[in-house]
file start06.cif (mmCIF, C-alpha atoms and all ligand atoms)
data_query
loop_
_atom_site.label_atom_id
_atom_site.label_comp_id
_atom_site.auth_asym_id
_atom_site.auth_seq_id
_atom_site.Cartn_x
_atom_site.Cartn_y
_atom_site.Cartn_z
CA MET A 1285 38.51 152.01 -25.49
CA SER A 1286 41.60 150.70 -23.75
CA GLY A 1287 41.79 150.57 -19.98
CA LYS A 1288 44.42 151.93 -17.63
CA LEU A 1289 45.91 150.83 -14.35
CA ALA A 1290 47.69 153.17 -11.91
CA VAL A 1291 49.45 151.69 -8.88
CA VAL A 1292 49.35 154.59 -6.45
CA GLY A 1293 51.34 155.30 -3.27
CA LEU A 1294 49.34 157.14 -0.63
CA GLY A 1295 52.28 158.04 1.61
CA PRO A 1296 52.48 157.20 5.31
CA GLY A 1297 49.37 158.91 6.59
CA ASP A 1298 46.91 161.63 5.95
CA ALA A 1299 46.25 163.54 2.76
CA ARG A 1300 49.06 166.06 3.16
CA TYR A 1301 51.51 163.33 2.14
CA LEU A 1302 49.72 162.59 -1.14
CA THR A 1303 51.71 163.84 -4.10
CA ARG A 1304 49.90 165.83 -6.76
CA GLU A 1305 50.56 163.02 -9.20
CA ALA A 1306 48.91 160.53 -6.82
CA LEU A 1307 45.91 162.83 -6.33
CA ALA A 1308 45.49 163.19 -10.09
CA ALA A 1309 45.77 159.42 -10.64
CA LEU A 1310 43.14 158.75 -7.95
CA ASP A 1311 40.85 161.39 -9.40
CA GLU A 1312 41.12 159.92 -12.91
CA ALA A 1313 40.11 156.43 -11.76
CA ASP A 1314 36.59 155.02 -12.09
CA ALA A 1315 37.44 152.09 -9.83
CA LEU A 1316 39.69 151.86 -6.76
CA TYR A 1317 41.21 148.68 -5.39
CA GLY A 1318 43.19 148.25 -2.18
CA TYR A 1319 43.41 147.00 1.37
CA GLY A 1320 40.32 148.39 3.15
CA PRO A 1321 42.05 150.77 5.63
CA TYR A 1322 44.18 152.27 2.83
CA LEU A 1323 41.15 152.81 0.59
CA HIS A 1324 39.51 154.49 3.56
CA ARG A 1325 42.19 157.19 3.39
CA VAL A 1326 41.15 158.23 -0.11
CA ALA A 1327 38.55 161.03 -0.24
CA PRO A 1328 35.34 159.74 -1.84
CA ARG A 1329 34.42 160.91 -5.31
CA SER A 1330 30.99 160.36 -6.81
CA GLY A 1331 30.84 157.83 -9.61
CA GLN A 1332 33.93 156.01 -8.36
CA VAL A 1333 33.50 152.39 -7.27
CA ARG A 1334 35.58 150.95 -4.42
CA HIS A 1335 36.74 147.36 -4.12
CA PRO A 1336 38.26 146.89 -0.65
CA THR A 1337 40.11 143.62 0.02
CA GLY A 1338 41.82 141.98 2.99
CA ASN A 1339 45.45 142.51 3.92
CA SER A 1340 46.76 139.15 2.71
CA GLU A 1341 45.04 139.11 -0.67
CA GLU A 1342 47.63 140.97 -2.74
CA GLY A 1343 47.72 138.53 -5.68
CA ALA A 1344 43.95 138.28 -5.95
CA ARG A 1345 43.63 142.08 -5.65
CA ALA A 1346 46.22 142.65 -8.37
CA ARG A 1347 44.48 140.15 -10.68
CA ALA A 1348 41.08 141.73 -10.09
CA ALA A 1349 42.45 145.20 -10.86
CA LEU A 1350 44.28 143.97 -13.98
CA ALA A 1351 41.19 142.16 -15.26
CA HIS A 1352 39.08 145.26 -14.64
CA ALA A 1353 41.54 147.49 -16.54
CA ALA A 1354 41.71 144.91 -19.36
CA ARG A 1355 37.93 145.23 -19.71
CA GLY A 1356 38.47 148.92 -20.42
CA GLY A 1357 38.21 150.39 -16.90
CA LYS A 1358 40.23 153.27 -15.51
CA VAL A 1359 41.54 151.59 -12.40
CA ALA A 1360 43.75 152.66 -9.50
CA ILE A 1361 45.15 150.24 -6.96
CA VAL A 1362 46.50 151.84 -3.79
CA SER A 1363 49.28 151.07 -1.31
CA GLY A 1364 50.31 152.85 1.86
CA GLY A 1365 53.66 154.63 1.57
CA ASP A 1366 55.30 153.77 -1.74
CA PRO A 1367 53.69 151.05 -3.86
CA GLY A 1368 57.08 149.66 -4.83
CA VAL A 1369 58.28 149.10 -1.24
CA PHE A 1370 56.97 145.78 0.16
CA ALA A 1371 53.68 146.51 -1.58
CA MET A 1372 51.39 146.21 -4.57
CA ALA A 1373 53.61 147.27 -7.49
CA ALA A 1374 55.66 144.05 -7.41
CA SER A 1375 52.48 141.96 -7.09
CA VAL A 1376 51.03 143.70 -10.15
CA CYS A 1377 54.24 142.98 -12.12
CA GLU A 1378 54.19 139.32 -11.01
CA GLU A 1379 50.57 138.89 -12.04
CA MET A 1380 51.21 140.64 -15.36
CA ALA A 1381 54.06 138.19 -16.00
CA ALA A 1382 51.90 135.16 -15.19
CA GLY A 1383 48.59 136.36 -16.67
CA PRO A 1384 47.11 136.63 -20.16
CA PRO A 1385 48.96 138.64 -22.86
CA GLU A 1386 46.43 141.50 -22.75
CA TRP A 1387 47.53 142.30 -19.18
CA ARG A 1388 51.08 142.88 -20.40
CA ALA A 1389 49.76 145.22 -23.11
CA LEU A 1390 47.93 147.43 -20.58
CA ASP A 1391 48.71 151.07 -19.97
CA MET A 1392 50.09 150.54 -16.43
CA ARG A 1393 51.99 153.09 -14.40
CA ILE A 1394 53.36 153.26 -10.89
CA VAL A 1395 52.96 156.48 -8.91
CA PRO A 1396 55.48 156.79 -6.06
CA GLY A 1397 54.73 157.84 -2.50
CA VAL A 1398 56.65 158.74 0.65
CA THR A 1399 57.67 155.41 2.15
CA ALA A 1400 57.45 154.86 5.93
CA MET A 1401 61.23 154.73 6.35
CA LEU A 1402 61.60 158.29 5.03
CA ALA A 1403 58.74 159.61 7.14
CA VAL A 1404 60.18 158.06 10.33
CA ALA A 1405 63.71 159.20 9.50
CA SER A 1406 62.53 162.78 9.03
CA ARG A 1407 60.93 162.82 12.48
CA ALA A 1408 64.09 161.59 14.18
CA GLY A 1409 66.76 163.63 12.36
CA ALA A 1410 68.87 162.22 9.55
CA PRO A 1411 69.60 158.57 10.37
CA LEU A 1412 69.70 157.65 6.66
CA GLY A 1413 72.38 160.23 5.85
CA HIS A 1414 74.89 157.55 4.86
CA ASP A 1415 74.48 154.06 3.36
CA PHE A 1416 71.41 152.15 4.52
CA CYS A 1417 69.20 149.21 3.60
CA ALA A 1418 65.61 148.21 4.17
CA LEU A 1419 64.38 144.78 5.26
CA SER A 1420 60.97 143.35 5.96
CA LEU A 1421 61.08 141.30 9.15
CA SER A 1422 58.11 139.25 7.99
CA ASP A 1423 58.85 135.58 7.45
CA ASN A 1424 55.55 135.07 5.65
CA LEU A 1425 57.24 135.50 2.27
CA LYS A 1426 60.76 134.22 3.01
CA PRO A 1427 62.46 131.86 5.47
CA TRP A 1428 63.46 133.25 8.88
CA GLU A 1429 66.99 131.90 8.34
CA LEU A 1430 67.38 134.22 5.34
CA ILE A 1431 66.25 137.20 7.43
CA GLU A 1432 68.86 136.38 10.07
CA ARG A 1433 71.57 136.12 7.42
CA ARG A 1434 70.62 139.46 5.88
CA LEU A 1435 70.43 141.24 9.24
CA ALA A 1436 73.89 140.01 10.21
CA ALA A 1437 75.36 140.91 6.82
CA ALA A 1438 73.79 144.38 6.87
CA ALA A 1439 75.04 145.14 10.39
CA GLU A 1440 78.52 143.83 9.55
CA ALA A 1441 78.64 145.85 6.34
CA GLY A 1442 77.90 149.06 8.25
CA PHE A 1443 74.44 149.75 6.83
CA VAL A 1444 71.82 151.58 8.84
CA ILE A 1445 68.83 149.20 8.75
CA ALA A 1446 65.18 150.18 8.28
CA LEU A 1447 62.95 147.33 9.49
CA TYR A 1448 59.48 147.12 7.98
CA ASN A 1449 56.82 144.74 9.34
CA PRO A 1450 58.58 144.23 12.71
CA VAL A 1451 55.66 142.35 14.30
CA SER A 1452 52.14 141.18 13.59
CA GLN A 1453 49.54 139.28 15.58
CA ALA A 1454 50.97 136.02 14.25
CA ARG A 1455 54.66 137.06 14.41
CA THR A 1456 55.49 137.83 18.01
CA TRP A 1457 59.00 136.47 18.72
CA GLN A 1458 60.90 137.60 15.62
CA LEU A 1459 61.69 141.16 16.67
CA ALA A 1460 63.33 140.18 20.00
CA HIS A 1461 65.39 137.58 18.09
CA ALA A 1462 66.46 140.24 15.61
CA PHE A 1463 67.65 142.58 18.37
CA THR A 1464 69.59 139.74 20.05
CA LEU A 1465 71.25 138.85 16.75
CA LEU A 1466 72.10 142.48 15.94
CA GLY A 1467 73.59 142.82 19.46
CA ARG A 1468 76.28 140.31 18.39
CA HIS A 1469 77.39 142.61 15.58
CA LEU A 1470 76.79 146.11 16.95
CA PRO A 1471 77.48 147.88 20.27
CA GLY A 1472 74.61 148.05 22.78
CA THR A 1473 74.83 151.85 22.54
CA THR A 1474 73.81 151.84 18.85
CA PRO A 1475 70.86 154.25 18.43
CA VAL A 1476 67.50 152.66 17.59
CA ILE A 1477 64.40 154.58 16.49
CA PHE A 1478 60.81 153.34 16.77
CA GLY A 1479 58.41 155.36 14.63
CA ARG A 1480 54.73 154.46 15.01
CA ALA A 1481 51.87 155.58 12.75
CA VAL A 1482 53.96 158.49 11.56
CA GLY A 1483 51.83 161.04 9.73
CA ARG A 1484 48.62 159.69 11.25
CA ALA A 1485 46.61 159.96 14.46
CA GLY A 1486 48.50 158.26 17.28
CA GLU A 1487 51.94 159.09 15.87
CA GLY A 1488 54.76 158.21 18.24
CA LEU A 1489 58.53 158.29 18.19
CA VAL A 1490 60.95 156.64 20.63
CA VAL A 1491 64.72 156.96 20.46
CA THR A 1492 66.55 154.28 22.42
CA THR A 1493 69.61 152.03 22.19
CA LEU A 1494 70.05 148.51 20.88
CA ALA A 1495 70.57 147.24 24.44
CA GLU A 1496 67.24 148.75 25.54
CA ALA A 1497 65.27 148.17 22.33
CA SER A 1498 63.57 144.92 23.38
CA ALA A 1499 61.75 146.81 26.14
CA ILE A 1500 59.97 149.07 23.63
CA ALA A 1501 56.58 148.00 22.28
CA ALA A 1502 56.18 147.74 18.52
CA ASP A 1503 53.18 146.84 16.41
CA MET A 1504 52.18 146.53 12.76
CA ALA A 1505 52.19 150.32 12.36
CA THR A 1506 55.79 150.66 13.61
CA LEU A 1507 58.93 151.06 11.55
CA ILE A 1508 62.28 150.62 13.30
CA ILE A 1509 65.57 152.18 12.24
CA ILE A 1510 68.73 150.62 13.68
CA GLY A 1511 71.80 152.81 13.42
CA SER A 1512 75.26 151.83 12.25
CA ARG A 1513 78.48 152.29 14.22
CA GLU A 1514 78.59 155.84 12.85
CA THR A 1515 75.08 156.91 13.87
CA ARG A 1516 75.02 159.56 16.63
CA VAL A 1517 72.49 161.22 18.89
CA LEU A 1518 72.68 164.98 19.38
CA ALA A 1519 71.01 165.92 22.68
CA ARG A 1520 69.39 169.37 22.73
CA ASP A 1521 68.10 171.40 25.68
CA GLY A 1522 64.32 171.36 25.76
CA LYS A 1523 64.09 169.79 22.33
CA ALA A 1524 63.96 166.25 21.00
CA PRO A 1525 67.37 164.72 20.28
CA LEU A 1526 68.55 164.51 16.67
CA VAL A 1527 69.62 161.07 15.45
CA TYR A 1528 71.93 161.37 12.47
CA THR A 1529 74.42 159.38 10.46
CA PRO A 1530 77.27 161.61 9.26
CA ARG A 1531 77.70 161.97 5.51
CA ALA A 1532 81.24 160.61 5.45
CA VAL A 1533 83.08 157.53 6.70
CA SER A 1534 86.85 157.80 6.45
CA SER A 1535 88.11 154.37 7.42
CA VAL A 1536 87.32 150.75 6.65
CA PRO A 1537 86.38 148.92 9.88
CA ALA A 1538 88.63 146.01 10.85
N1 LIG B 1601 54.51 150.30 1.11
C1 LIG B 1601 54.67 150.70 2.50
C2 LIG B 1601 55.21 149.59 3.37
C3 LIG B 1601 54.30 148.39 3.50
S1 LIG B 1601 54.88 147.23 4.67
C4 LIG B 1601 55.61 151.93 2.55
O1 LIG B 1601 56.25 152.25 1.55
O2 LIG B 1601 55.69 152.55 3.61
C5 LIG B 1601 54.00 147.75 6.12
C6 LIG B 1601 54.98 148.28 7.17
O3 LIG B 1601 55.35 149.62 6.83
C7 LIG B 1601 54.43 148.38 8.58
O4 LIG B 1601 54.50 147.13 9.28
C8 LIG B 1601 55.38 149.39 9.18
O5 LIG B 1601 56.63 148.79 9.46
C9 LIG B 1601 55.61 150.35 8.01
N2 LIG B 1601 54.72 151.53 8.04
C10 LIG B 1601 53.74 151.83 7.16
N3 LIG B 1601 53.18 153.02 7.45
C11 LIG B 1601 53.82 153.49 8.55
C12 LIG B 1601 53.71 154.69 9.33
N4 LIG B 1601 52.81 155.63 9.04
N5 LIG B 1601 54.55 154.85 10.39
C13 LIG B 1601 55.47 153.90 10.69
N6 LIG B 1601 55.62 152.76 9.98
C14 LIG B 1601 54.80 152.55 8.94
#
call {"tool": "encode", "arguments": {"input": "start06.cif", "output": "structure tokens", "more": "lines below"}}
Ligand code: SAH
result
Amino acid sequence: MSGKLAVVGLGPGDARYLTREALAALDEADALYGYGPYLHRVAPRSGQVRHPTGNSEEGARARAALAHAARGGKVAIVSGGDPGVFAMAASVCEEMAAGPPEWRALDMRIVPGVTAMLAVASRAGAPLGHDFCALSLSDNLKPWELIERRLAAAAEAGFVIALYNPVSQARTWQLAHAFTLLGRHLPGTTPVIFGRAVGRAGEGLVVTTLAEASAIAADMATLIIIGSRETRVLARDGKAPLVYTPRAVSSVPA
């Protein structure tokens, strides 16, 4: 009997963000792999074995799941949000490329989920209404110099920027540097959104400006959206403001 591997996105938070496809893939699996806190989000099912791993063990986790599926298991490996966005799906592909031929022959599929950037954007309004890009601010997997170059290019090109992984316990100075750098390319009035633990307990949203952004606390559960020159804030009486980027741009900036 041949095994199967599903790489499943759990969405940003609790079970209401799970797609039906993700639910079905989780239900079909005899074994679940994933970072412990993500696995914790999946409702237990009898007969299903869980293999929680640490946060920084993506390659080892992908190899374990692939080996298990190659032995004939029905395996699901989970990611928060979407598994293809700074998450497990790419690790699984990398390990398939480097591993034994039977891994490449496996029945492997990737089940999408609502990525954090979309969840945060929906809370704030429509900041991603025009062209945007997503960057991880983590310099664990790429040089800081490359991050700086990409941030500057994205701001100059007029992209709204979604920043994943803004800080961690080991990465404390990078975010303030990023705001300083972006301040050289964008007005201080540019809207900035901090979305924390969106879709989970402790959800928080702060709308501020680039000039004020350094004063706002961010952590590993925060995603930051930095507007473009077009992004606006619509104030509303007694209601949260709406941050939006209009659908059209009519001129090419100088
Ligand atoms: N695959 C995930 C992203 C993994 S990178 C996805 O598609 O969402 C981890 C980063 O995602 C965190 O540092 C944070 O920036 C962001 N993130 C994940 N869940 C979040 C949530 N519920 N609210 C805000 N940001 C979140």
call {"tool": "axis_aligned_box", "arguments": {"input": "start06.cif", "around": "ligand LIG 1601 (chain B)", "padding_each_side": "4 Å", "output": "JSON"}}
result
{"center_x": 54.7, "center_y": 151.4, "center_z": 5.9, "size_x": 11.8, "size_y": 16.5, "size_z": 17.6}
call {"tool": "residues_around", "arguments": {"input": "start06.cif", "residues": "Gly1488 in chain A", "least_positions_apart": "2", "cutoff": "12 Å", "atoms": "only C-alpha atoms", "output": "NGL selection string"}}
result
:A and (1403-1404 or 1407-1408 or 1477-1486 or 1490-1491 or 1500-1503 or 1505-1508)
call {"tool": "closest_residue", "arguments": {"input": "start06.cif", "among": "A:Arg1455, A:Lys1358, A:Arg1433, A:Lys1426", "to": "ligand LIG 1601 (chain B)", "atoms": "all atoms listed in the file"}}
result
A:Arg1455
call {"tool": "closest_atom_pairs", "arguments": {"input": "start06.cif", "of": "chain A", "to": "ligand LIG 1601 (chain B)", "cutoff": "9 Å", "atoms": "all atoms listed in the file", "output": "Markdown table"}}
result
| residue | atom | partner | partner_atom | distance |
| --- | --- | --- | --- | --- |
| A:Gly1293 | CA | B:LIG1601 | N1 | 7.4 |
| A:Leu1294 | CA | B:LIG1601 | O1 | 8.7 |
| A:Gly1295 | CA | B:LIG1601 | O2 | 6.8 |
| A:Pro1296 | CA | B:LIG1601 | N4 | 4.1 |
| A:Gly1297 | CA | B:LIG1601 | N4 | 5.3 |
| A:Asp1298 | CA | B:LIG1601 | N4 | 9.0 |
| A:Ser1363 | CA | B:LIG1601 | N1 | 5.8 |
| A:Gly1364 | CA | B:LIG1601 | C1 | 4.9 |
| A:Gly1365 | CA | B:LIG1601 | C4 | 3.5 |
| A:Asp1366 | CA | B:LIG1601 | O1 | 3.7 |
| A:Pro1367 | CA | B:LIG1601 | N1 | 5.1 |
| A:Gly1368 | CA | B:LIG1601 | N1 | 6.5 |
| A:Val1369 | CA | B:LIG1601 | N1 | 4.6 |
| A:Phe1370 | CA | B:LIG1601 | C3 | 5.0 |
| A:Ala1371 | CA | B:LIG1601 | N1 | 4.7 |
| A:Met1372 | CA | B:LIG1601 | N1 | 7.7 |
| A:Pro1396 | CA | B:LIG1601 | O1 | 8.9 |
| A:Gly1397 | CA | B:LIG1601 | O1 | 7.1 |
| A:Val1398 | CA | B:LIG1601 | O1 | 6.6 |
| A:Thr1399 | CA | B:LIG1601 | O1 | 3.5 |
| A:Ala1400 | CA | B:LIG1601 | O2 | 3.7 |
| A:Met1401 | CA | B:LIG1601 | O2 | 6.6 |
| A:Leu1402 | CA | B:LIG1601 | O2 | 8.4 |
| A:Ala1403 | CA | B:LIG1601 | N5 | 7.1 |
| A:Val1404 | CA | B:LIG1601 | C13 | 6.3 |
| A:Ser1420 | CA | B:LIG1601 | S1 | 7.3 |
| A:Leu1421 | CA | B:LIG1601 | O5 | 8.7 |
| A:Ser1422 | CA | B:LIG1601 | O4 | 8.8 |
| A:Ala1446 | CA | B:LIG1601 | O5 | 8.7 |
| A:Leu1447 | CA | B:LIG1601 | O5 | 6.5 |
| A:Tyr1448 | CA | B:LIG1601 | O5 | 3.6 |
| A:Asn1449 | CA | B:LIG1601 | O4 | 3.3 |
| A:Pro1450 | CA | B:LIG1601 | O5 | 5.9 |
| A:Val1451 | CA | B:LIG1601 | O4 | 7.0 |
| A:Ser1452 | CA | B:LIG1601 | O4 | 7.7 |
| A:Phe1478 | CA | B:LIG1601 | C13 | 8.1 |
| A:Gly1479 | CA | B:LIG1601 | C13 | 5.1 |
| A:Arg1480 | CA | B:LIG1601 | C13 | 4.4 |
| A:Ala1481 | CA | B:LIG1601 | N5 | 3.6 |
| A:Val1482 | CA | B:LIG1601 | N5 | 3.9 |
| A:Gly1483 | CA | B:LIG1601 | N4 | 5.5 |
| A:Arg1484 | CA | B:LIG1601 | N4 | 6.2 |
| A:Glu1487 | CA | B:LIG1601 | N5 | 7.4 |
| A:Gly1488 | CA | B:LIG1601 | N5 | 8.5 |
| A:Asp1503 | CA | B:LIG1601 | O4 | 7.3 |
| A:Met1504 | CA | B:LIG1601 | O4 | 4.2 |
| A:Ala1505 | CA | B:LIG1601 | C8 | 4.6 |
| A:Thr1506 | CA | B:LIG1601 | N6 | 4.2 |
| A:Leu1507 | CA | B:LIG1601 | O5 | 3.8 |
| A:Ile1508 | CA | B:LIG1601 | O5 | 7.1 |
call {"tool": "residues_around", "arguments": {"input": "start06.cif", "residues": "Val1536 in chain A", "least_positions_apart": "3", "cutoff": "10 Å", "atoms": "all atoms listed in the file", "output": "CSV table (one decimal) with C-alpha atoms, in the coordinates of the input"}}
result
chain,number,residue,atom,x,y,z
A,1441,ALA,CA,78.6,145.8,6.3
A,1442,GLY,CA,77.9,149.1,8.2
A,1533,VAL,CA,83.1,157.5,6.7
call {"tool": "residues_near_point", "arguments": {"input": "start06.cif", "point": "(66.2, 162.5, 9.8)", "cutoff": "12 Å", "atoms": "all atoms listed in the file", "output": "ChimeraX atom specification"}}
result
/A:1401-1414,1477,1479,1509,1511,1515-1518,1525-1530
call {"tool": "residues_around", "arguments": {"input": "start06.cif", "residues": "range 1303-1314 of chain A", "least_positions_apart": "4", "cutoff": "6 Å", "atoms": "only C-alpha atoms", "output": "compact mmCIF listing (two decimals) with C-alpha atoms, keeping the file's coordinate frame"}}
result
# COMPACT_ATOMS: atom_id res chain seq x y z
CA VAL A 1292 49.35 154.59 -6.45
CA GLN A 1332 33.93 156.01 -8.36
CA LYS A 1358 40.23 153.27 -15.51
CA VAL A 1359 41.54 151.59 -12.40
CA ALA A 1360 43.75 152.66 -9.50
call {"tool": "residues_around", "arguments": {"input": "start06.cif", "residues": "range 1348-1357 of chain A", "least_positions_apart": "3", "cutoff": "8 Å", "atoms": "only C-alpha atoms", "output": "list in words"}}
result
Met1285, Ser1286, Gly1287, Lys1288, Leu1289, Asp1314, Ala1315, Tyr1317, Ala1344, Arg1345, Ala1360, Ile1361, Val1376, Met1380, Glu1386, Trp1387 and Leu1390 of chain A
call {"tool": "closest_residue", "arguments": {"input": "start06.cif", "among": "A:Thr1456, A:Asn1339, A:Thr1492, A:Ser1534", "to": "Val1476 in chain A", "atoms": "all atoms listed in the file"}}
result
A:Thr1492
call {"tool": "atom_distance", "arguments": {"input": "start06.cif", "atom1": "CA of Ser1340 in chain A", "atom2": "CA of Tyr1319 in chain A"}}
result
8.6 Å
call {"tool": "closest_residue", "arguments": {"input": "start06.cif", "among": "A:Leu1323, A:Ala1381, A:Ala1524, A:Leu1419", "to": "Ala1437 in chain A", "atoms": "all atoms listed in the file"}}
result
A:Leu1419
call {"tool": "atom_distance", "arguments": {"input": "start06.cif", "atom1": "CA of Gly1338 in chain A", "atom2": "CA of Tyr1322 in chain A"}}
result
10.6 Å
call {"tool": "atom_distance", "arguments": {"input": "start06.cif", "atom1": "CA of Leu1316 in chain A", "atom2": "CA of Thr1337 in chain A"}}
result
10.7 Å
call {"tool": "closest_residue", "arguments": {"input": "start06.cif", "among": "A:Leu1489, A:Ile1510, A:Leu1470, A:Leu1302", "to": "Ile1445 in chain A", "atoms": "all atoms listed in the file"}}
result
A:Ile1510
call {"tool": "closest_residue", "arguments": {"input": "start06.cif", "among": "A:Glu1379, A:Glu1496, A:Glu1514, A:Glu1432", "to": "His1461 in chain A", "atoms": "all atoms listed in the file"}}
result
A:Glu1432
